[in-house]
Protein chains: 4
Amino acid sequence: MIVNMSPKATEEQIQHVIERIKECGFQPHVIRGAERTVIGAVGTGGRRGELEALQVAPGVAALIPISQPFKLVGRELRRERTVVNVGGVPIGGDHWVVIAGPCSVESREQILETARGIKKYGASLLRGGAYKPRTSPYDFQGLGVEALELLKEARQETGLPIVTEVMSTEDVDVVSEYADMLQVGARNMQNFPLLRRLARANRPVLLKRGPSATVKEWLLAAEYLLSGGNPNVVLCERGIKGFDSELRNTFDLAAMALAKELSHLPVVADPSHGTGRRSVIPAMSRAAIAAGADGLMIEVHPCPERALSDGPQSLDLAGFAKLMAELDRPARTRAAAVRA
Amino acid sequence: MIVNMSPKATEEQIQHVIERIKECGFQPHVIRGAERTVIGAVGTGGRRGELEALQVAPGVAALIPISQPFKLVGRELRRERTVVNVGGVPIGGDHWVVIAGPCSVESREQILETARGIKKYGASLLRGGAYKPRTSPYDFQGLGVEALELLKEARQETGLPIVTEVMSTEDVDVVSEYADMLQVGARNMQNFPLLRRLARANRPVLLKRGPSATVKEWLLAAEYLLSGGNPNVVLCERGIKGFDSELRNTFDLAAMALAKELSHLPVVADPSHGTGRRSVIPAMSRAAIAAGADGLMIEVHPCPERALSDGPQSLDLAGFAKLMAELDRPARTRAAAVRA
Amino acid sequence: MIVNMSPKATEEQIQHVIERIKECGFQPHVIRGAERTVIGAVGTGGRRGELEALQVAPGVAALIPISQPFKLVGRELRRERTVVNVGGVPIGGDHWVVIAGPCSVESREQILETARGIKKYGASLLRGGAYKPRTSPYDFQGLGVEALELLKEARQETGLPIVTEVMSTEDVDVVSEYADMLQVGARNMQNFPLLRRLARANRPVLLKRGPSATVKEWLLAAEYLLSGGNPNVVLCERGIKGFDSELRNTFDLAAMALAKELSHLPVVADPSHGTGRRSVIPAMSRAAIAAGADGLMIEVHPCPERALSDGPQSLDLAGFAKLMAELDRPARTRAAAVRA
Amino acid sequence: MIVNMSPKATEEQIQHVIERIKECGFQPHVIRGAERTVIGAVGTGGRRGELEALQVAPGVAALIPISQPFKLVGRELRRERTVVNVGGVPIGGDHWVVIAGPCSVESREQILETARGIKKYGASLLRGGAYKPRTSPYDFQGLGVEALELLKEARQETGLPIVTEVMSTEDVDVVSEYADMLQVGARNMQNFPLLRRLARANRPVLLKRGPSATVKEWLLAAEYLLSGGNPNVVLCERGIKGFDSELRNTFDLAAMALAKELSHLPVVADPSHGTGRRSVIPAMSRAAIAAGADGLMIEVHPCPERALSDGPQSLDLAGFAKLMAELDRPARTRAAAVRA
């Protein structure tokens with residue numbers, strides 16, 4: 001931590017900061033410049049939280065952190081990339097996977113038709129919501145255990161492992177009985193009791209990025225899982241809140257690339273929520289893979305026009321088939337260099 | 001709902017939309033323009049959620065909602081403003097109140113000294129965190145029940161009702177035993193299981209706005225509480241995520257004014273979190289009151305420099321005393337009009 | 001400047017940074033911690049721009065600036081607040097003023113009626129657009145010199161000094177002939193050729209904050225004016241781009257307070273553009289004054305429903321009269337403290 | 001345009017809106033629902049700007065536009081995609097191109113070495129700033145005409161056409177003498193006098209997206225160019241202002257995809273400014289191409305660590321060579337579908 005003193009700081013104020021740094025268990029190191037004094041707090045054993053309150057000590061202009069606050073998810077201690085096994089499907093490593101399925105499980109027919117279709121076209125995991133976080137209390141809230149039963153049936157028939165959201169600590173046990181991977185939705189990224197509970201679950205976790213979370217905040221949410229005992233975490237970029245209402249969210253692929261740079265955890269991308277607009281999902285799926293995504297999460301519904309949730313961002317099966325074919329083809333080629 | 005057809009929509013596509021509107025329980029009403037056709041879906045008894053999926057029907061350019069999605073929190077059905085009684089203190093109505101106290105309860109001495117001080121200078125309610133949502137798992141997470149006991153002691157001594165955060169459905173009962181008002185933190189604004197549980201609690205709820213929530217999303221979160229049975233809800237604006245790192249958040253007072261226009265619920269403002277910068281808290285407190293806030297929530301700590309959390313945005317007791325004195329004085333006067 | 005080396009930086013990389021710091025004209029000062037090394041670059045005479053490129057030197061994790069980049073607009077060198085004289089009306093100091101008028105000058109009758117009305121109710125300066133920055137080329141672009149003539153007539157009749165926008169270096173001379181203050185619109189805040197030209201104009205400048213400008217960027221734009229020779233600058237907060245489409249912009253009063261903390265220049269607030277919603281303008285006008293604004297800029301039109309631009313955010317004269325009366329009355333009073 | 005009346009609108013207010021719609025040159029079409037009345041304004045010949053002011057007529061809840069405001073840049077009137085010829089290099093069409101070079105032209109040696117290098121590795125156009133928009137007046141502002149001369153020399157030697165920024169109407173003539181394409185920087189996207197002047201220039205224009213511009217605002221800025229007479233416009237996505245300070249901007253590839261959907265103009269992407277972080281530029285370059293970019297704009301400097309501007313986001317020649325090789329190789333392959 002660096003303490004940047006104000007140009008007007010008195011010698012007494014500087015000494016006070018030096019004393020507090022020692023009290024917090026760090027060694028002070030003073031740089032006296034022409035305009036101002038800067039004091040480094042050196043060491044690893046001190047009480048960092050307490051040190052941060054120095055920001056309001058008299059004469060202090062600003063506190064500047066110099067090390068990353070996350071330990072277990074970062075790459076400083078662990079260089080090799082993590083591969084998470086989800087019901088036999090590895091996420092991370094040399095290949096990328098596709099997780100597909102409807103926003104909500106609506107009926108036996110709907111989920112079975114979807115599961116068969118996405119498997120046929122190459123998806124590796126099935127998604128489907130049983131417990132749905134909905135902005136309005138009057139919207140469809142999911143079928144709960146009934147949906148979990150239907151997902152189980154779909155897995156039995158297709159072999160596709162199941163990814164489904166858990167919204168509450170109370171539901172972790174029942175969802176874990178059925179699901180191969182537990183999803184934490186974007187709005188729960190900083191639901192810390194839920195993260196603490198999932199740290200003790202015996203299932204891998206898909207941790208969606210919150211709509212206004214920085215990459216650091218996202219990685220610190222993952223740190224709750226790893227530090228609590230669950231190393232099997234996959235991150236998922238799904239768009240942040242933006243100012244252009246033409247798209248539901250701002251799909252932030254550079255943040256995904258940054259998360260992969262800072263962390264050893266796999267990162268998948270969800271262009272369905274990330275854009276909310278069916279017409280741009282294929283382009284953004286290709287982009288996500290090209291940017292290094294370890295997987296895609298795609299909403300697919302047999303009849304989006306009749307979906308009970310997220311219809312506008314769902315592909316139908318024909319659309320999904322087309323997308324999968326495109327993902328395996330190379331993109332357009334570069335123009336030949338100009339003639340000198 | 002208005003269905004805006006693409007200029008290229010075929011007659012068949014138009015007829016399909018008309019049929020679907022009927023199937024969803026609404027009456028279609030067609031306007032044929034020079035460039036395009038627009039179809040209104042009229043009526044109140046239909047299945048709105050299903051109607052929304054029409055956005056992806058062939059030939060549809062966009063769906064345009066024309067009525068507010070919230071019913072109970074809105075002012076269309078209830079014009080008079082709600083006043084919420086918190087342990088004998090009314091929030092809402094003709095006067096404004098101050099809720100003050102530390103971010104976290106840290107010790108008996110700290111909370112009692114704060115409670116006495118804020119009471120002396122005019123606060124009406126005491127805040128203090130027992131369960132703390134912290135970005136990093138390595139930060140101080142609150143004293144839990146021990147903190148609740150200390151808050152109770154502070155109330156016994158000062159008479160100030162207690163406002164404290166509840167983070168989990170499992171803690172609602174124990175926190176309700178001690179607290180006069182249950183706070184939902186910004187990161188839990190769309191924690192729907194928690195909202196559903198609090199709808200059945202016998203305590204008023206302080207609902208903070210999420211850092212990327214629109215006013216509509218905020219009001220719909222409140223709708224979960226009212227529609228579930230708890231009419232005693234106070235909204236709290238506490239800043240949204242912004243692009244200027246000089247301030248912790250962007251304090252959005254116009255959203256507070258808009259919430260008061262659209263809803264009958266009281267709205268208070270939290271300039272401590274809203275700005276994260278002690279130096280601007282007095283100015284923004286005055287601004288919030290002037291903009292019509294029904295109250296202020298202010299972080300106060302006897303020694304911010306040693307606070308275990310949120311020190312940089314906490315006032316000390318002298319700073320709080322000064323703020324309270326300023327709030328009761330009129331602002332600067334207007335310059336005399338120019339001479340003609 | 002602080003150079004934060006990566007934990008993996010080699011001794012050779014550290015030496016390289018030390019050499020470069022010297023080459024750029026600063027003194028290096030090394031702090032070796034347990035995990036990493038941090039190097040301060042001390043001194044005032046060096047080439048800061050060149051130093052910044054060190055961010056990509058091998059082994060460098062980050063560069064951390066520790067002093068403010070603006071000199072003339074900041075309060076470190078000049079503590080007393082600036083008062084800008086605009087055609088005899090002082091902006092800044094102990095009182096606040098009101099600048100009012102239509103978005104665009106549309107006709108002789110419109111501008112004269114407005115000028116008379118706003119003067120009657122207490123405005124000190126008249127605003128009105130002659131050259132209009134419009135998002136679409138098909139929208140009304142302003143009457144140009146004809147509008148300037150009408151503004152002059154309005155000043156002759158009412159005595160109100162004129163504030164009007166200049167969009168182009170080529171128009172600075174003609175607008176200066178008529179106007180008492182030259183406005184730089186939000187979209188031109190970083191139009192540097194325009195700023196350089198206005199630095200040589202003999203009129204005070206009203207510098208609106210850009211819709212995505214940080215406070216530092218805003219102050220650096222003002223620094224172009226001061227460093228180029230024009231000390232008569234008034235800043236104007238007018239809202240930043242936000243994610244909630246219910247309001248045209250996010251009115252950022254805390255940024256205004258921060259600008260007043262960091263700079264000695266007067267700052268006024270424009271709640272008309274800042275919110276874009278007529279119903280919340282009175283509340284936000286009161287808030288701006290309470291937060292310390294040196295003035296308000298309010299759009300007023302005799303018949304907003306027929307305005308050629310910005311009708312939805314314009315007050316009519318009756319609305320303006322009501323607002324002005326409210327601004328002179330104290331806000332609601334604080335509730336009595338709770339009974340012990 | 002749809003006029004959404006308030007549920008409380010009186011019959012008189014409804015009639016007033018109907019009258020005004022007629023006065024503005026449109027045909028009113030009324031839909032009376034159970035809760036509220038909605039009125040369509042049908043026709044193409046009316047005065048749309050005037051109609052918009054109806055938003056503040058008594059009884060009106062909201063105005064809802066239903067057609068796109070841009071005409072010439074949109075795909076409704078012109079389906080085939082535009083290809084822009086820049087000094088013999090086509091932008092748009094079946095292939096993608098690379099524009100590369102330094103942020104600023106700094107010296108003869110620097111620009112020639114860069115030009116040779118980027119040509120060798122496959123770039124088709126050379127970028128380099130002669131007139132630089134800089135946040136601070138104390139930063140390097142570019143070499144002006146001297147830089148243009150050096151760019152000319154680089155073109156003579158390498159054959160690469162030149163793309164360079166023009167910041168002011170006054171410089172359009174001189175820059176046009178030297179450059180093959182005139183760049184409008186992000187901060188000038190809504191500098192309307194500059195756009196009007198460039199509409200009459202005989203050079204193609206590269207129009208960068210403003211940091212807080214919606215896609216519609218961006219396309220309307222392009223509409224200024226096309227409607228003013230210059231059809232040779234290439235759009236450039238270069239990141240929007242975001243809340244995560246780890247990256248300089250939020251690179252918005254979905255907006256690029258949306259721009260290509262709504263407009264026939266070519267769109268290139270600038271991952272250098274779009275992210276501001278060298279380490280993620282290769283990933284985002286691949287992503288941009290995969291998402292359908294018609295080209296990339298990449299900052300390259302022979303020695304980024306000594307660059308006078310934008311060093312941290314510049315690749316050196318070795319980094320550029322590596323990037324170009326990667327862009328021509330397919331990305332990782334998809335995992336085989338799960339075994340049933």
# chains A, B, ... in the order shown; residues from 1 in each chain; ligands from 1
call {"tool": "select_by_dssp", "arguments": {"residues": "segment 51-286 of chain B", "states": "strand (DSSP E)", "output": "PyMOL selection string"}}
result
chain B and resi 60-64+84-86+89-91+97-101+125-127+162-165+181-184+205-208+233-237+267-269
call {"tool": "residues_around", "arguments": {"residues": "Met284 of chain B", "least_positions_apart": "5", "cutoff": "7 Å", "atoms": "only C-alpha atoms", "output": "list in words"}}
result
Pro271 of chain B; Ala254 and Ala291 of chain C
call {"tool": "interface_residues", "arguments": {"of": "chain B", "to": "chain C", "cutoff": "6 Å", "atoms": "only C-alpha atoms", "output": "list in words"}}
result
His95, Trp96, Val97, Gly122, Ser124, Thr158, Gly159, Thr214, Asp244, Ala283, Met284, Arg286, Ala287, Ala290, Ala291, Ala331, Thr333, Arg334, Ala335, Ala337, Val338 and Ala340 of chain B
call {"tool": "write_last_selection", "arguments": {"atoms": "N, CA and C atoms", "output": "PDB file, in the first residue's frame"}}
result
ATOM      1  N   HIS B  95     -41.879  15.711   7.368  1.00  0.00           N
ATOM      2  CA  HIS B  95     -40.555  15.971   7.900  1.00  0.00           C
ATOM      3  C   HIS B  95     -39.570  14.937   7.381  1.00  0.00           C
ATOM      4  N   TRP B  96     -38.305  15.241   7.556  1.00  0.00           N
ATOM      5  CA  TRP B  96     -37.290  14.266   7.190  1.00  0.00           C
ATOM      6  C   TRP B  96     -36.522  13.857   8.437  1.00  0.00           C
ATOM      7  N   VAL B  97     -35.965  12.665   8.370  1.00  0.00           N
ATOM      8  CA  VAL B  97     -35.282  12.106   9.533  1.00  0.00           C
ATOM      9  C   VAL B  97     -33.845  11.749   9.169  1.00  0.00           C
ATOM     10  N   GLY B 122     -29.084  14.952  16.913  1.00  0.00           N
ATOM     11  CA  GLY B 122     -30.378  15.015  16.251  1.00  0.00           C
ATOM     12  C   GLY B 122     -30.770  13.846  15.358  1.00  0.00           C
ATOM     13  N   SER B 124     -32.478  10.310  14.388  1.00  0.00           N
ATOM     14  CA  SER B 124     -33.685   9.672  14.893  1.00  0.00           C
ATOM     15  C   SER B 124     -33.598   8.153  14.926  1.00  0.00           C
ATOM     16  N   THR B 158     -30.443   4.777  24.483  1.00  0.00           N
ATOM     17  CA  THR B 158     -30.739   6.044  23.801  1.00  0.00           C
ATOM     18  C   THR B 158     -32.170   6.164  23.304  1.00  0.00           C
ATOM     19  N   GLY B 159     -32.862   5.043  23.206  1.00  0.00           N
ATOM     20  CA  GLY B 159     -34.213   5.084  22.644  1.00  0.00           C
ATOM     21  C   GLY B 159     -34.251   5.115  21.130  1.00  0.00           C
ATOM     22  N   THR B 214     -32.259   0.198 -12.729  1.00  0.00           N
ATOM     23  CA  THR B 214     -33.080   1.323 -13.150  1.00  0.00           C
ATOM     24  C   THR B 214     -34.127   1.596 -12.066  1.00  0.00           C
ATOM     25  N   ASP B 244     -16.274   7.440 -13.109  1.00  0.00           N
ATOM     26  CA  ASP B 244     -15.236   8.317 -12.557  1.00  0.00           C
ATOM     27  C   ASP B 244     -14.765   7.773 -11.213  1.00  0.00           C
ATOM     28  N   ALA B 283     -22.365  18.488   1.359  1.00  0.00           N
ATOM     29  CA  ALA B 283     -23.047  19.096   0.214  1.00  0.00           C
ATOM     30  C   ALA B 283     -24.144  18.176  -0.313  1.00  0.00           C
ATOM     31  N   MET B 284     -23.853  16.881  -0.393  1.00  0.00           N
ATOM     32  CA  MET B 284     -24.846  15.979  -0.964  1.00  0.00           C
ATOM     33  C   MET B 284     -25.973  15.674   0.029  1.00  0.00           C
ATOM     34  N   ARG B 286     -27.255  18.027   2.017  1.00  0.00           N
ATOM     35  CA  ARG B 286     -28.135  19.182   1.798  1.00  0.00           C
ATOM     36  C   ARG B 286     -28.920  19.018   0.499  1.00  0.00           C
ATOM     37  N   ALA B 287     -28.225  18.549  -0.523  1.00  0.00           N
ATOM     38  CA  ALA B 287     -28.884  18.385  -1.821  1.00  0.00           C
ATOM     39  C   ALA B 287     -30.013  17.364  -1.742  1.00  0.00           C
ATOM     40  N   ALA B 290     -32.979  18.867  -0.064  1.00  0.00           N
ATOM     41  CA  ALA B 290     -33.592  19.854  -0.948  1.00  0.00           C
ATOM     42  C   ALA B 290     -34.355  19.182  -2.081  1.00  0.00           C
ATOM     43  N   ALA B 291     -33.880  18.021  -2.517  1.00  0.00           N
ATOM     44  CA  ALA B 291     -34.539  17.299  -3.614  1.00  0.00           C
ATOM     45  C   ALA B 291     -35.753  16.510  -3.130  1.00  0.00           C
ATOM     46  N   ALA B 331     -29.671  27.612   2.904  1.00  0.00           N
ATOM     47  CA  ALA B 331     -28.507  27.689   2.011  1.00  0.00           C
ATOM     48  C   ALA B 331     -28.235  29.150   1.655  1.00  0.00           C
ATOM     49  N   THR B 333     -28.179  32.627  -0.358  1.00  0.00           N
ATOM     50  CA  THR B 333     -29.320  33.289  -1.002  1.00  0.00           C
ATOM     51  C   THR B 333     -29.024  33.593  -2.459  1.00  0.00           C
ATOM     52  N   ARG B 334     -30.081  33.845  -3.165  1.00  0.00           N
ATOM     53  CA  ARG B 334     -29.989  34.163  -4.583  1.00  0.00           C
ATOM     54  C   ARG B 334     -29.483  35.595  -4.754  1.00  0.00           C
ATOM     55  N   ALA B 335     -28.734  35.808  -5.805  1.00  0.00           N
ATOM     56  CA  ALA B 335     -28.287  37.162  -6.124  1.00  0.00           C
ATOM     57  C   ALA B 335     -29.504  37.992  -6.541  1.00  0.00           C
ATOM     58  N   ALA B 337     -31.723  40.255  -8.792  1.00  0.00           N
ATOM     59  CA  ALA B 337     -31.819  40.249 -10.256  1.00  0.00           C
ATOM     60  C   ALA B 337     -31.040  41.431 -10.810  1.00  0.00           C
ATOM     61  N   VAL B 338     -30.624  41.260 -12.039  1.00  0.00           N
ATOM     62  CA  VAL B 338     -29.801  42.280 -12.683  1.00  0.00           C
ATOM     63  C   VAL B 338     -30.614  43.587 -12.826  1.00  0.00           C
ATOM     64  N   ALA B 340     -32.068  46.612 -14.788  1.00  0.00           N
ATOM     65  CA  ALA B 340     -32.443  46.808 -16.195  1.00  0.00           C
ATOM     66  C   ALA B 340     -31.776  48.064 -16.744  1.00  0.00           C
TER      67      ALA B 340
END
call {"tool": "residues_around", "arguments": {"residues": "segment 32-42 of chain A", "least_positions_apart": "5", "cutoff": "7 Å", "atoms": "only C-alpha atoms", "output": "number ranges by chain"}}
result
A: 1-7, 21, 26-27; C: 33, 42-44
call {"tool": "residues_around", "arguments": {"residues": "Gly101 of chain B", "least_positions_apart": "2", "cutoff": "7 Å", "atoms": "only C-alpha atoms", "output": "count of residues only"}}
result
10
call {"tool": "residues_around", "arguments": {"residues": "Gly92 of chain D", "least_positions_apart": "6", "cutoff": "9 Å", "atoms": "only C-alpha atoms", "output": "list in words"}}
result
Arg81, Thr82, Val83, Val84, Asn85, Val234, Leu265, Pro266, Val267, Val268, Ala293, Asp294 and Gly295 of chain D
call {"tool": "write_last_selection", "arguments": {"atoms": "C-alpha atoms", "output": "short mmCIF file (atom, residue, chain, number, x, y, z; two decimals), in the first residue's frame"}}
result
data_model
loop_
_atom_site.label_atom_id
_atom_site.label_comp_id
_atom_site.auth_asym_id
_atom_site.auth_seq_id
_atom_site.Cartn_x
_atom_site.Cartn_y
_atom_site.Cartn_z
CA ARG D 81 -23.11 -3.12 -48.48
CA THR D 82 -20.91 -0.13 -49.25
CA VAL D 83 -17.25 -0.63 -50.15
CA VAL D 84 -15.06 2.44 -49.60
CA ASN D 85 -11.94 2.85 -51.70
CA VAL D 234 -16.19 3.93 -42.68
CA LEU D 265 -21.45 1.21 -44.22
CA PRO D 266 -18.26 -0.75 -43.47
CA VAL D 267 -17.24 -0.90 -39.82
CA VAL D 268 -13.73 -1.39 -38.51
CA ALA D 293 -15.25 -6.29 -38.64
CA ASP D 294 -14.26 -5.01 -42.07
CA GLY D 295 -10.90 -4.11 -40.66
#
call {"tool": "atom_distance", "arguments": {"atom1": "atom CA of Arg196 of chain D", "atom2": "atom CA of Ala269 of chain D"}}
result
23.9 Å
call {"tool": "atom_distance", "arguments": {"atom1": "atom CA of Val56 of chain B", "atom2": "atom CA of Arg187 of chain A"}}
result
25.3 Å
call {"tool": "select_by_dssp", "arguments": {"residues": "segment 119-193 of chain B", "states": "helix (DSSP H, G or I)", "output": "number ranges by chain"}}
result
B: 119-121, 145-158, 169-178, 186-188, 192-193
call {"tool": "closest_residue", "arguments": {"among": "C:Ile162, C:Leu112, C:Val73, C:Ala100", "to": "Ala221 of chain C", "atoms": "only C-alpha atoms"}}
result
C:Val73
call {"tool": "residues_around", "arguments": {"residues": "segment 199-203 of chain A", "least_positions_apart": "2", "cutoff": "8 Å", "atoms": "only C-alpha atoms", "output": "ChimeraX atom specification"}}
result
/A:172,176,180-182,195-197,205,224-230,232
call {"tool": "atom_distance", "arguments": {"atom1": "atom CA of Pro231 of chain C", "atom2": "atom CA of Pro204 of chain C"}}
result
7.9 Å
call {"tool": "closest_residue", "arguments": {"among": "D:Gly129, D:Leu194, D:Asn188, D:Val145", "to": "Thr169 of chain D", "atoms": "only C-alpha atoms"}}
result
D:Leu194
